[in-house]
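Engineer: Dropping in start.cif, which is mmCIF, C-alpha atoms:
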```
data_protein
loop_
_atom_site.label_atom_id
_atom_site.label_comp_id
_atom_site.auth_asym_id
_atom_site.auth_seq_id
_atom_site.Cartn_x
_atom_site.Cartn_y
_atom_site.Cartn_z
CA MET A 26 0.00 0.00 0.00
CA ARG A 27 1.13 3.53 -0.64
CA VAL A 28 0.60 6.51 1.64
CA ILE A 29 -2.08 9.00 0.52
CA VAL A 30 -3.10 12.41 1.89
CA LYS A 31 -6.91 12.26 1.56
CA ALA A 32 -9.58 9.58 1.36
CA THR A 33 -13.37 9.65 0.95
CA ASP A 34 -15.70 8.29 3.65
CA HIS A 35 -19.12 6.62 3.35
CA ASP A 36 -20.92 9.96 2.84
CA GLY A 37 -18.39 11.38 0.37
CA HIS A 38 -16.63 13.63 2.93
CA GLN A 39 -12.85 14.06 2.54
CA LEU A 40 -10.89 12.43 5.38
CA GLN A 41 -7.46 13.59 6.52
CA LYS A 42 -5.04 12.54 9.20
CA GLY A 43 -6.28 13.66 12.63
CA ASP A 44 -10.01 13.56 11.78
CA THR A 45 -12.38 11.81 14.18
CA VAL A 46 -14.42 9.04 12.55
CA ALA A 47 -16.87 6.31 13.51
CA ALA A 48 -16.59 2.83 12.03
CA LEU A 49 -19.85 1.57 10.54
CA SER A 50 -19.12 -2.12 11.15
CA ASP A 51 -18.24 -1.95 14.85
CA ASN A 52 -19.24 0.76 17.29
CA MET A 53 -15.75 2.26 17.44
CA THR A 54 -14.93 5.95 17.39
CA GLY A 55 -11.36 7.06 16.84
CA LYS A 56 -8.88 9.32 15.14
CA VAL A 57 -7.41 8.71 11.70
CA CYS A 58 -3.68 8.15 12.19
CA GLU A 59 -2.74 6.98 8.68
CA LEU A 60 -4.20 6.82 5.16
CA ALA A 61 -3.18 4.42 2.39
CA GLY A 62 -4.34 3.33 -1.04
CA GLU A 63 -3.95 0.28 -3.22
CA ASP A 64 -5.52 -0.64 -6.59
CA GLY A 65 -7.99 2.27 -6.37
CA GLU A 66 -9.16 1.37 -2.87
CA GLN A 67 -8.65 3.74 0.06
CA PHE A 68 -7.92 2.65 3.61
CA VAL A 69 -7.66 4.50 6.93
CA ARG A 70 -5.98 3.38 10.12
CA VAL A 71 -8.18 4.38 13.06
CA ARG A 72 -6.84 4.52 16.62
CA PRO A 73 -9.69 4.28 19.19
CA ILE A 74 -10.22 7.39 21.33
CA PHE A 75 -9.71 5.42 24.57
CA GLN A 76 -6.35 4.08 23.32
CA SER A 77 -3.64 6.72 23.63
CA TYR A 78 -0.93 4.44 22.25
CA GLY A 79 -1.01 1.74 19.63
CA LYS A 80 -1.13 1.38 15.91
CA GLY A 81 -4.89 1.29 15.39
CA VAL A 82 -7.10 -0.80 13.12
CA TRP A 83 -7.28 -0.58 9.32
CA HIS A 84 -10.72 0.06 7.79
CA ALA A 85 -11.79 0.64 4.22
CA ALA A 86 -12.43 4.38 3.89
CA GLU A 87 -15.99 3.80 2.69
CA HIS A 88 -16.74 1.90 5.92
CA VAL A 89 -16.19 4.88 8.20
CA ARG A 90 -18.14 8.10 8.73
CA TRP A 91 -16.50 11.49 9.38
CA LEU A 92 -17.46 13.13 12.70
CA SER A 93 -15.09 16.10 13.15
CA SER A 94 -11.76 17.63 12.23
CA PRO A 95 -9.10 18.82 14.68
CA LYS A 96 -9.19 22.46 15.69
CA ALA A 97 -7.00 24.75 13.62
CA LYS A 98 -3.93 26.11 15.39
CA ASN A 99 -3.47 29.89 15.25
#
```
Can you dump the structure from the file as structure tokens?
Structural biologist:
Amino acid sequence: MRVIVKATDHDGHQLQKGDTVAALSDNMTGKVCELAGEDGEQFVRVRPIFQSYGKGVWHAAEHVRWLSSPKAKN
């Protein structure tokens, strides 16, 4: 898989690293910590909110729903 900058979620919203998402298949909410693509498919690695360390779980981008983006730093 190759690293990508943006992916599209279930509703067509653009996902980026740091966004908070909810997985549709299991009731998990977490932050996107990595994005990758292969053969036209997009994948996101989601680290659960309650897990401060760890690598996270890979999900197909179309199987997650965007909830929020991180606050902009001024």
Engineer: Which residue, A:Ala85, A:Val28, A:Ala47, A:Met53, has the smallest gap to Val69 in chain A when you use all atoms listed in the file?
Structural biologist: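 Among the listed residues, A:Ala85 lies closest to Val69 in chain A.
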Engineer: Using all atoms listed in the file, which of A:Arg70, A:His88, A:Arg27, A:Lys80 sits nearest Gly43 in chain A?
Structural biologist: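 Using all atoms listed in the file, Gly43 in chain A sits closest to A:Arg70.
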Engineer: Suppose a student applies the PyMOL selection byres ((chain A and resi 41) around 8) to this structure; what residues should they get, written as a PyMOL selection string?
Structural biologist: chain A and resi 30-32+39-40+42-44+57+60
Engineer: Please indicate the distance in Å from CA of Trp83 in chain A to CA of Phe68 in chain A, rounded to one decimal place.
Structural biologist: 6.6 Å
Engineer: If the PyMOL selection byres ((chain A and resi 35-38) around 8) is run on the structure shown, which residues does it catch, given as a ChimeraX atom specification?
Structural biologist: /A:33-34,39-40,86-91
Engineer: Hey, which of A:Ile29, A:Leu49, A:Gly79, A:Ser93 ends up closest to Gln67 in chain A? Count all atoms listed in the file.
Structural biologist: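 That would be A:Ile29, the residue with the smallest distance to Gln67 in chain A.
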Engineer: Apply the PyMOL selection byres ((chain A and resi 56) around 7) to the displayed file and report the matching residues as an MDAnalysis selection string.
Structural biologist: chainID A and resid 43:46 55 57:58 71:74
Engineer: Can you work out the spacing between CA of Phe75 in chain A and CA of Thr54 in chain A in Å, to one decimal?
Structural biologist: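 Taking CA of Phe75 in chain A as the start and CA of Thr54 in chain A as the end point, the length is 8.9 Å.
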